[in-house]
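A short write-up of the structure that comes next.
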Number of protein chains: 2
Amino acid sequence: MSKPSFVLHGDIAYSKPDRSLTSQKDGYLVVVNGLIKGVYPSLPKEYAGLPLHDHAGRLIVPGLSDLHVHAPQYGFRGNGMDLKLLEWLNTYTFPEEAKYQDLSYADKAYQIFADDLRKTFTTRACIFATLHKKATLALAKKLSSTGLIAYLGLVEMDRNSPDYLRFPSAEKALEDTETYLKEIKDIPNIYPILTPRFTPSCTDELMEGLGEMKKKYHLPVQSHLDENPSEVAWVKELAPWSSSYADAYDKFGMLEDSIMAHCVYLNEEEKALLLSRGTYVAHCPDSNINLTSGIAPIKEYLEKGMHVGLGSDVAGGTHLNLFYQASLAIQMSKARVLYLGDKAPLNAEEAFYLATLGGGSFFGKVGSFLEGYEADILVLDDLKAYPSIKDLSILDRVERFLYFGEESALKEKIVAGNPIGLK
Amino acid sequence: MSKPSFVLHGDIAYSKPDRSLTSQKDGYLVVVNGLIKGVYPSLPKEYAGLPLHDHAGRLIVPGLSDLHVHAPQYGFRGNGMDLKLLEWLNTYTFPEEAKYQDLSYADKAYQIFADDLRKTFTTRACIFATLHKKATLALAKKLSSTGLIAYLGLVEMDRNSPDYLRFPSAEKALEDTETYLKEIKDIPNIYPILTPRFTPSCTDELMEGLGEMKKKYHLPVQSHLDENPSEVAWVKELAPWSSSYADAYDKFGMLEDSIMAHCVYLNEEEKALLLSRGTYVAHCPDSNINLTSGIAPIKEYLEKGMHVGLGSDVAGGTHLNLFYQASLAIQMSKARVLYLGDKAPLNAEEAFYLATLGGGSFFGKVGSFLEGYEADILVLDDLKAYPSIKDLSILDRVERFLYFGEESALKEKIVAGNPIGLK
């Protein structure tokens with residue numbers, strides 16, 4: 001089946017792999033068979049026959065990728081923010097996640113999440129569900145209906161979690177995961193991802209089983225790493241055989257084709273390890289400050305050549321809006337300059353890169369408008385939503401949209417060439 | 001002329017002077033002659049004849065006060081955020097403010113500002129204009145048309161500013177200020193406030209003249225204090241006769257009935273001085289992190305009994321939304337816990353207090369629903385805008401609204417008993 005081909009006209013901006021922002025005022029973005037052909041100052045003759053969507057004066061940018069979000073936590077975002085990580089998990093998170101045992105509860109709650117995610121700037125997401133297989137498959141169907149593309153994980157936990165929210169054994173966890181992997185195959189655009197919650201909640205036996213499954217089925221992985229000093233200390237106790245928290249994942253082969261959320265406290269050995277494995281860091285600035293976890297040195301990670309994208313980490317974070325997360329990443333990097341001696345903060349171009357290509361590349365050729373990239377596109381009516389009496393450069397417009405762009409300014413959203421309904 | 005009397009029914013929340021949050025589910029807020037009479041669990045018979053606005057299920061809270069905002073900077077908010085204070089002033093702020101010499105430019109730009117401010121959660125504001133008398137009076141008229149209540153200041157600067165943006169002499173500045181004071185009298189709801197930009201931009205002669213004017217006309221004052229270490233060092237050079245930056249204002253009587261924006265770097269002497277003078281601190285967390293200035297110890301100021309409210313400080317800040325500013329105040333206070341040894345961050349109740357009564361009290365009895373307070377009221381359709389499948393307490397609803405409440409959820413806004421148009 002052939003995919004859509006079309007042309008968008010407007011003010012186009014996108015990041016290149018070197019993180020620089022490129023723009024074309026009054027340009028033409030050509031999509032052929034769902035893939036970007038190129039950005040042109042005037043429309044090449046050969047594409048004159050394609051349907052043209054005229055968005056003159058509007059900003060056209062790549063779709064954003066959310067590398068870390070917990071769907072079942074969406075209902076209590078913005079609550080309990082006066083607590084720290086482990087306290088917050090026990091008071092809010094675990095009791096709430098347990099409710100997803102009840103399919104009718106899950107159905108209602110996940111419907112709100114899927115509807116809201118559809119209307120955001122996010123075109124791709126890596127999502128944690130809960131350990132409940134049926135509810136997670138129900139979420140997969142709802143996500144599939146939105147038209148977004150996502151990795152969705154059944155959350156593995158068989159220790160150090162309340163009785164009401166853990167698999168009775170590693171065996172049962174692996175068995176449910178196998179079933180989950182089979183059943184999700186029939187759901188378009190939603191792909192499975194192995195999801196050990198984090199080392200403290202997974203026995204070595206479970207991790208070993210997941211490691212084997214990963215190899216067998218060539219699956220990606222998502223988890224949490226080095227979020228908070230108490231958690232890091234805890235892992236040291238739980239995995240005395242590992243040389244570091246990251247190593248505790250690596251021993252089971254969990255750092256390749258993998259996203260690790262947070263990475264606030266990576267030591268030098270861990271940075272080198274993640275770099276060599278090509279692991280993605282999901283930077284979650286909102287969550288990390290809300291839970292008083294810390295601020296990850298993202299500028300340093302980028303300069304080292306590590307892969308970094310953004311995660312809303314709802315409900316540690318309170319906003320699905322990844323432009324908000326991008327501006328908060330800049331703000332938090334300034335707190336590092338003030339208090340941790342960093343030489344420079346993240347700038348607007350880098351933050352935009354993180355939200356687009358930085359995270360998008362986990363999904364393949366996603367998050368840029370270079371030739372061959374999948375056509376994930378946002379059309380923003382920024383000058384109408386936020387009028388300006390002076391001429392703003394495209395970079396100025398992108399920068400201010402990072403700081404205060406809202407979903408009401410989103411006019412079109414396209415995922416892999418297909419338009420998404422925004423009502 | 002009698003002012004409006006009416007009753008609002010809904011889920012009511014407000015702060016008391018001890019900063020605690022009080023709420024009444026399904027309550028009745030009675031307003032008589034523009035003043036709050038009280039909040040009741042059921043409607044007292046004596047008010048049964050008043051018009052009743054039924055907002056069942058909606059949140060009803062006091063209006064918010066913005067203690068520090070620069071109207072002429074609104075047009076470039078969200079731009080130049082990769083710069084620090086003094087560099088940003090010279091690159092963005094001063095050249096832009098100079099344009100307000102041109103009345104037709106001012107007219108267009110201020111219209112956008114006034115329209116947008118009207119639609120925010122702000123019911124009262126303390127506003128910096130520029131040094132241009134005509135443009136500032138034009139802004140006063142536009143603000144007056146919104147129905148909001150504001151202090152508006154002609155910005156005093158007669159040194160250390162570009163030639164194109166400073167009064168040629170202290171004498172001329174004082175003369176224009178006298179004229180401004182006379183002409184603004186005829187503009188309803190907009191009140192003058194003396195506005196020395198900051199010590200570096202005002203000669204001692206100008207400050208002395210302003211000090212006399214303050215006594216003569218019983219005027220309030222607004223300015224900037226201890227925002228940034230370079231600025232503090234500069235003031236030490238400029239006012240060698242002062243024992244501190246705050247003292248450099250105090251010598252001219254500028255700390256009483258006064259708002260000082262930022263106060264990031266107050267020393268112990270200055271804290272004691274501001275406390276004894278009853279000076280208001282306008283906490284501007286957004287601006288202070290954007291310009292890498294620092295983070296003010298607001299929890300400590302509150303515990304010392306100092307007056308503190310919030311300032312959006314557009315365009316150092318990028319959002320007029322004071323709920324956003326309140327949640328950022330919490331987040332920034334957590335960075336202080338992480339890196340400066342603070343024992344505890346601000347909590348949601350304190351942040352709500354800062355946005356309402358903390359700043360509102362600068363305007364008199366404003367920012368609470370205790371008897372005798374002026375009826376500044378917001379009606380928020382929070383559960384419709386942000387559906388929840390579980391019952392949230394009113395405190396939960398207030399907390400999450402701080403984190404992600406948007407103006408689209410604002411259904412009614414009332415200032416001193418009068419409804420404000422929100423279209």
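If you're wondering about the labels, chains in the structure tokens are A, B, ... by order shown, residues count from 1 in each chain, ligands from 1 in order shown.
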
Point to revise | Spatial neighbours of segment 228-243 of chain B, 12 Å, only C-alpha atoms, chain gap at least 6 places, as a ChimeraX atom specification | key: /A:338 /B:84-87,159-160,198-204,207,249-252,261-270,273,287-289,291-296

At most 9 Å to chain A: residues in chain B, only C-alpha atoms, as a PDB file with N, CA and C atoms, in the first residue's frame:
ATOM      1  N   GLY B  75       6.529  42.015  23.961  1.00  0.00           N
ATOM      2  CA  GLY B  75       6.704  41.641  22.552  1.00  0.00           C
ATOM      3  C   GLY B  75       7.890  40.743  22.276  1.00  0.00           C
ATOM      4  N   PHE B  76       8.866  40.708  23.184  1.00  0.00           N
ATOM      5  CA  PHE B  76       9.998  39.819  22.907  1.00  0.00           C
ATOM      6  C   PHE B  76      10.174  38.754  23.986  1.00  0.00           C
ATOM      7  N   ARG B  77       9.088  38.469  24.693  1.00  0.00           N
ATOM      8  CA  ARG B  77       9.184  37.404  25.693  1.00  0.00           C
ATOM      9  C   ARG B  77       9.543  36.079  25.014  1.00  0.00           C
ATOM     10  N   GLY B  78      10.359  35.324  25.692  1.00  0.00           N
ATOM     11  CA  GLY B  78      10.761  34.043  25.128  1.00  0.00           C
ATOM     12  C   GLY B  78      11.896  34.155  24.112  1.00  0.00           C
ATOM     13  N   ASN B  79      12.420  35.376  23.928  1.00  0.00           N
ATOM     14  CA  ASN B  79      13.571  35.509  23.023  1.00  0.00           C
ATOM     15  C   ASN B  79      14.785  36.046  23.768  1.00  0.00           C
ATOM     16  N   GLY B  80      15.953  35.610  23.324  1.00  0.00           N
ATOM     17  CA  GLY B  80      17.192  36.079  23.946  1.00  0.00           C
ATOM     18  C   GLY B  80      17.458  35.437  25.292  1.00  0.00           C
ATOM     19  N   MET B  81      16.803  34.329  25.545  1.00  0.00           N
ATOM     20  CA  MET B  81      16.916  33.689  26.858  1.00  0.00           C
ATOM     21  C   MET B  81      18.268  32.990  27.039  1.00  0.00           C
ATOM     22  N   ASP B  82      19.106  33.013  25.996  1.00  0.00           N
ATOM     23  CA  ASP B  82      20.443  32.446  26.155  1.00  0.00           C
ATOM     24  C   ASP B  82      21.442  33.473  26.700  1.00  0.00           C
ATOM     25  N   TYR B 105       3.650  52.883  17.503  1.00  0.00           N
ATOM     26  CA  TYR B 105       4.207  51.585  17.879  1.00  0.00           C
ATOM     27  C   TYR B 105       3.682  51.174  19.258  1.00  0.00           C
ATOM     28  N   LYS B 108       0.054  49.929  19.292  1.00  0.00           N
ATOM     29  CA  LYS B 108      -0.149  48.552  18.842  1.00  0.00           C
ATOM     30  C   LYS B 108       0.368  47.534  19.850  1.00  0.00           C
ATOM     31  N   ALA B 109       1.581  47.791  20.312  1.00  0.00           N
ATOM     32  CA  ALA B 109       2.219  46.811  21.198  1.00  0.00           C
ATOM     33  C   ALA B 109       1.477  46.735  22.540  1.00  0.00           C
ATOM     34  N   ILE B 112      -1.784  44.701  22.496  1.00  0.00           N
ATOM     35  CA  ILE B 112      -1.589  43.252  22.632  1.00  0.00           C
ATOM     36  C   ILE B 112      -1.373  42.893  24.103  1.00  0.00           C
ATOM     37  N   ASP B 286      10.811  32.640  37.316  1.00  0.00           N
ATOM     38  CA  ASP B 286      10.992  32.379  35.885  1.00  0.00           C
ATOM     39  C   ASP B 286      12.137  33.246  35.357  1.00  0.00           C
ATOM     40  N   ILE B 289      15.687  32.394  36.775  1.00  0.00           N
ATOM     41  CA  ILE B 289      16.408  31.254  36.219  1.00  0.00           C
ATOM     42  C   ILE B 289      16.719  31.508  34.741  1.00  0.00           C
ATOM     43  N   ASN B 290      15.809  32.141  34.013  1.00  0.00           N
ATOM     44  CA  ASN B 290      16.079  32.408  32.589  1.00  0.00           C
ATOM     45  C   ASN B 290      17.341  33.238  32.389  1.00  0.00           C
ATOM     46  N   LEU B 291      17.529  34.232  33.277  1.00  0.00           N
ATOM     47  CA  LEU B 291      18.704  35.098  33.139  1.00  0.00           C
ATOM     48  C   LEU B 291      19.869  34.595  33.990  1.00  0.00           C
ATOM     49  N   THR B 292      19.746  33.345  34.460  1.00  0.00           N
ATOM     50  CA  THR B 292      20.784  32.721  35.289  1.00  0.00           C
ATOM     51  C   THR B 292      21.195  33.653  36.430  1.00  0.00           C
ATOM     52  N   SER B 293      20.209  34.311  37.026  1.00  0.00           N
ATOM     53  CA  SER B 293      20.495  35.237  38.112  1.00  0.00           C
ATOM     54  C   SER B 293      20.693  34.505  39.434  1.00  0.00           C
ATOM     55  N   GLY B 294      19.817  33.540  39.716  1.00  0.00           N
ATOM     56  CA  GLY B 294      19.890  32.807  40.973  1.00  0.00           C
ATOM     57  C   GLY B 294      18.488  32.457  41.443  1.00  0.00           C
ATOM     58  N   ILE B 295      18.376  31.977  42.669  1.00  0.00           N
ATOM     59  CA  ILE B 295      17.065  31.590  43.205  1.00  0.00           C
ATOM     60  C   ILE B 295      16.922  32.216  44.593  1.00  0.00           C
ATOM     61  N   THR B 318       8.692  34.536  30.921  1.00  0.00           N
ATOM     62  CA  THR B 318       8.041  34.408  29.611  1.00  0.00           C
ATOM     63  C   THR B 318       6.535  34.169  29.716  1.00  0.00           C
ATOM     64  N   HIS B 319       6.002  34.044  30.936  1.00  0.00           N
ATOM     65  CA  HIS B 319       4.584  33.716  31.120  1.00  0.00           C
ATOM     66  C   HIS B 319       3.890  34.729  32.025  1.00  0.00           C
ATOM     67  N   ILE B 330       7.886  26.710  43.352  1.00  0.00           N
ATOM     68  CA  ILE B 330       8.090  25.456  44.095  1.00  0.00           C
ATOM     69  C   ILE B 330       9.297  24.713  43.521  1.00  0.00           C
ATOM     70  N   GLN B 331       9.312  24.570  42.210  1.00  0.00           N
ATOM     71  CA  GLN B 331      10.412  23.824  41.578  1.00  0.00           C
ATOM     72  C   GLN B 331      11.761  24.453  41.897  1.00  0.00           C
ATOM     73  N   MET B 332      11.832  25.779  41.813  1.00  0.00           N
ATOM     74  CA  MET B 332      13.112  26.442  42.070  1.00  0.00           C
ATOM     75  C   MET B 332      13.520  26.295  43.534  1.00  0.00           C
ATOM     76  N   LYS B 334      13.075  23.785  45.216  1.00  0.00           N
ATOM     77  CA  LYS B 334      13.643  22.434  45.323  1.00  0.00           C
ATOM     78  C   LYS B 334      15.099  22.419  44.854  1.00  0.00           C
ATOM     79  N   ALA B 335      15.418  23.251  43.883  1.00  0.00           N
ATOM     80  CA  ALA B 335      16.833  23.360  43.479  1.00  0.00           C
ATOM     81  C   ALA B 335      17.651  23.926  44.641  1.00  0.00           C
ATOM     82  N   VAL B 337      16.962  23.332  47.774  1.00  0.00           N
ATOM     83  CA  VAL B 337      17.117  22.186  48.685  1.00  0.00           C
ATOM     84  C   VAL B 337      18.267  21.297  48.196  1.00  0.00           C
ATOM     85  N   LEU B 338      18.313  21.067  46.887  1.00  0.00           N
ATOM     86  CA  LEU B 338      19.358  20.201  46.331  1.00  0.00           C
ATOM     87  C   LEU B 338      20.754  20.795  46.466  1.00  0.00           C
ATOM     88  N   TYR B 339      20.866  22.113  46.209  1.00  0.00           N
ATOM     89  CA  TYR B 339      22.217  22.664  46.032  1.00  0.00           C
ATOM     90  C   TYR B 339      22.627  23.728  47.040  1.00  0.00           C
ATOM     91  N   LEU B 340      21.682  24.247  47.806  1.00  0.00           N
ATOM     92  CA  LEU B 340      22.044  25.322  48.743  1.00  0.00           C
ATOM     93  C   LEU B 340      21.722  24.950  50.181  1.00  0.00           C
ATOM     94  N   PRO B 345      11.483  22.737  50.691  1.00  0.00           N
ATOM     95  CA  PRO B 345      11.038  23.601  49.592  1.00  0.00           C
ATOM     96  C   PRO B 345       9.717  24.282  49.951  1.00  0.00           C
ATOM     97  N   LEU B 346       9.302  25.213  49.125  1.00  0.00           N
ATOM     98  CA  LEU B 346       7.943  25.742  49.225  1.00  0.00           C
ATOM     99  C   LEU B 346       6.967  24.606  48.917  1.00  0.00           C
ATOM    100  N   ASN B 347       5.813  24.618  49.573  1.00  0.00           N
ATOM    101  CA  ASN B 347       4.808  23.625  49.223  1.00  0.00           C
ATOM    102  C   ASN B 347       3.657  24.297  48.456  1.00  0.00           C
ATOM    103  N   ALA B 348       2.707  23.485  48.046  1.00  0.00           N
ATOM    104  CA  ALA B 348       1.632  23.999  47.184  1.00  0.00           C
ATOM    105  C   ALA B 348       0.811  25.088  47.886  1.00  0.00           C
ATOM    106  N   PRO B 387     -10.127  16.463  32.984  1.00  0.00           N
ATOM    107  CA  PRO B 387     -11.019  15.476  33.598  1.00  0.00           C
ATOM    108  C   PRO B 387     -10.245  14.513  34.495  1.00  0.00           C
ATOM    109  N   SER B 388     -10.911  14.078  35.545  1.00  0.00           N
ATOM    110  CA  SER B 388     -10.302  13.108  36.444  1.00  0.00           C
ATOM    111  C   SER B 388     -11.317  12.018  36.702  1.00  0.00           C
ATOM    112  N   ILE B 389     -10.872  10.762  36.684  1.00  0.00           N
ATOM    113  CA  ILE B 389     -11.860   9.722  36.948  1.00  0.00           C
ATOM    114  C   ILE B 389     -11.951   9.425  38.434  1.00  0.00           C
ATOM    115  N   LYS B 390     -11.072  10.007  39.226  1.00  0.00           N
ATOM    116  CA  LYS B 390     -11.242   9.805  40.665  1.00  0.00           C
ATOM    117  C   LYS B 390     -11.571  11.131  41.338  1.00  0.00           C
ATOM    118  N   LEU B 392     -11.090  14.154  43.399  1.00  0.00           N
ATOM    119  CA  LEU B 392      -9.937  14.914  43.881  1.00  0.00           C
ATOM    120  C   LEU B 392     -10.407  15.853  44.980  1.00  0.00           C
ATOM    121  N   ASP B 396      -6.100  19.004  46.189  1.00  0.00           N
ATOM    122  CA  ASP B 396      -5.532  18.324  45.006  1.00  0.00           C
ATOM    123  C   ASP B 396      -5.795  19.140  43.741  1.00  0.00           C
ATOM    124  N   ARG B 397      -7.008  19.656  43.635  1.00  0.00           N
ATOM    125  CA  ARG B 397      -7.373  20.408  42.431  1.00  0.00           C
ATOM    126  C   ARG B 397      -6.590  21.713  42.332  1.00  0.00           C
ATOM    127  N   GLU B 399      -3.646  22.217  43.708  1.00  0.00           N
ATOM    128  CA  GLU B 399      -2.244  21.878  43.443  1.00  0.00           C
ATOM    129  C   GLU B 399      -2.025  21.594  41.952  1.00  0.00           C
ATOM    130  N   ARG B 400      -2.889  20.771  41.372  1.00  0.00           N
ATOM    131  CA  ARG B 400      -2.636  20.448  39.962  1.00  0.00           C
ATOM    132  C   ARG B 400      -2.877  21.657  39.067  1.00  0.00           C
ATOM    133  N   PHE B 401      -3.792  22.537  39.481  1.00  0.00           N
ATOM    134  CA  PHE B 401      -4.011  23.739  38.673  1.00  0.00           C
ATOM    135  C   PHE B 401      -2.774  24.642  38.681  1.00  0.00           C
ATOM    136  N   LEU B 402      -2.082  24.690  39.824  1.00  0.00           N
ATOM    137  CA  LEU B 402      -0.819  25.437  39.860  1.00  0.00           C
ATOM    138  C   LEU B 402       0.127  24.905  38.793  1.00  0.00           C
ATOM    139  N   TYR B 403       0.166  23.576  38.674  1.00  0.00           N
ATOM    140  CA  TYR B 403       1.151  22.966  37.783  1.00  0.00           C
ATOM    141  C   TYR B 403       0.780  23.074  36.310  1.00  0.00           C
ATOM    142  N   PHE B 404      -0.511  22.945  35.987  1.00  0.00           N
ATOM    143  CA  PHE B 404      -0.788  22.964  34.546  1.00  0.00           C
ATOM    144  C   PHE B 404      -2.067  23.700  34.166  1.00  0.00           C
TER     145      PHE B 404
END

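One finds atom CA of Pro62 of chain B at 5.7 Å from atom CA of Ser368 of chain B.
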
Exercise for review: Give me the residues within 12 Å of Lys16 of chain A as a list in words, counting only C-alpha atoms and dropping any in the same chain fewer than 5 places off.
Suggested key: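 Within the cut-off, the hits are Leu21, Thr22, Ser23, Pro62, Glu349, Glu350, Phe352, Tyr353, Leu354, Thr356, Leu357, Gly358, Gly360, Ser361, Lys365, Val366, Gly367, Ser368, Phe369, Leu370, Glu371 and Tyr373 of chain A.
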
Could the residues in this selection be written to a file with N, CA, C and O atoms, as a compact mmCIF listing (two decimals), in the first residue's frame?
# COMPACT_ATOMS: atom_id res chain seq x y z
N LEU A 21 20.15 24.22 14.13
CA LEU A 21 18.81 24.42 13.61
C LEU A 21 18.90 25.03 12.21
O LEU A 21 19.61 26.01 11.99
N THR A 22 18.18 24.44 11.29
CA THR A 22 18.14 24.93 9.91
C THR A 22 16.74 25.45 9.65
O THR A 22 15.79 24.88 10.17
N SER A 23 16.63 26.50 8.86
CA SER A 23 15.27 26.97 8.59
C SER A 23 15.12 27.43 7.15
O SER A 23 16.09 27.74 6.46
N PRO A 62 9.40 19.33 12.87
CA PRO A 62 9.21 17.88 13.04
C PRO A 62 8.37 17.56 14.28
O PRO A 62 8.33 18.35 15.23
N GLU A 349 18.61 25.97 20.57
CA GLU A 349 18.80 24.99 19.47
C GLU A 349 18.97 23.58 20.01
O GLU A 349 18.43 22.62 19.47
N GLU A 350 19.75 23.46 21.08
CA GLU A 350 19.96 22.14 21.66
C GLU A 350 18.68 21.57 22.26
O GLU A 350 18.40 20.37 22.13
N PHE A 352 15.63 22.24 21.33
CA PHE A 352 14.76 21.86 20.23
C PHE A 352 15.22 20.52 19.63
O PHE A 352 14.39 19.64 19.33
N TYR A 353 16.52 20.37 19.51
CA TYR A 353 17.09 19.10 19.03
C TYR A 353 16.66 17.95 19.94
O TYR A 353 16.25 16.88 19.46
N LEU A 354 16.77 18.15 21.25
CA LEU A 354 16.40 17.08 22.19
C LEU A 354 14.96 16.63 21.97
O LEU A 354 14.65 15.44 21.99
N THR A 356 13.13 16.89 19.29
CA THR A 356 12.82 16.37 17.95
C THR A 356 13.74 15.19 17.58
O THR A 356 13.45 14.06 17.91
N LEU A 357 14.87 15.53 16.99
CA LEU A 357 15.76 14.48 16.48
C LEU A 357 16.45 13.69 17.59
O LEU A 357 16.68 12.48 17.45
N GLY A 358 16.77 14.37 18.69
CA GLY A 358 17.47 13.69 19.79
C GLY A 358 16.73 12.45 20.24
O GLY A 358 17.30 11.37 20.34
N GLY A 360 13.77 11.40 18.68
CA GLY A 360 13.13 10.77 17.53
C GLY A 360 13.96 9.65 16.93
O GLY A 360 13.43 8.64 16.45
N SER A 361 15.27 9.83 16.97
CA SER A 361 16.14 8.84 16.32
C SER A 361 16.06 7.46 16.97
O SER A 361 16.47 6.47 16.37
N LYS A 365 14.60 6.79 11.47
CA LYS A 365 14.80 8.09 10.85
C LYS A 365 13.59 8.97 11.17
O LYS A 365 12.68 9.10 10.35
N VAL A 366 13.61 9.55 12.33
CA VAL A 366 12.47 10.32 12.81
C VAL A 366 12.99 11.57 13.54
O VAL A 366 13.98 11.51 14.26
N GLY A 367 12.32 12.71 13.30
CA GLY A 367 12.64 13.91 14.07
C GLY A 367 13.41 14.97 13.31
O GLY A 367 13.84 15.95 13.88
N SER A 368 13.56 14.78 12.00
CA SER A 368 14.21 15.80 11.18
C SER A 368 13.51 15.85 9.82
O SER A 368 12.63 15.04 9.54
N PHE A 369 13.91 16.84 9.00
CA PHE A 369 13.34 16.95 7.65
C PHE A 369 14.40 16.65 6.60
O PHE A 369 14.30 17.08 5.44
N LEU A 370 15.43 15.91 6.99
CA LEU A 370 16.41 15.49 5.98
C LEU A 370 15.79 14.40 5.11
O LEU A 370 14.84 13.72 5.54
N GLU A 371 16.35 14.22 3.94
CA GLU A 371 15.79 13.24 3.01
C GLU A 371 15.76 11.84 3.63
O GLU A 371 16.72 11.41 4.27
N TYR A 373 13.75 10.81 6.00
CA TYR A 373 13.12 10.74 7.33
C TYR A 373 11.62 10.49 7.19
O TYR A 373 10.99 10.94 6.23

Review point. Which of segment 114-302 of chain A counts as strand (DSSP E or B) under DSSP, as a ChimeraX atom specification please?
Key: /A:122-128,149-153,155-156,190-192,194-196,221-225,258-262,280-283
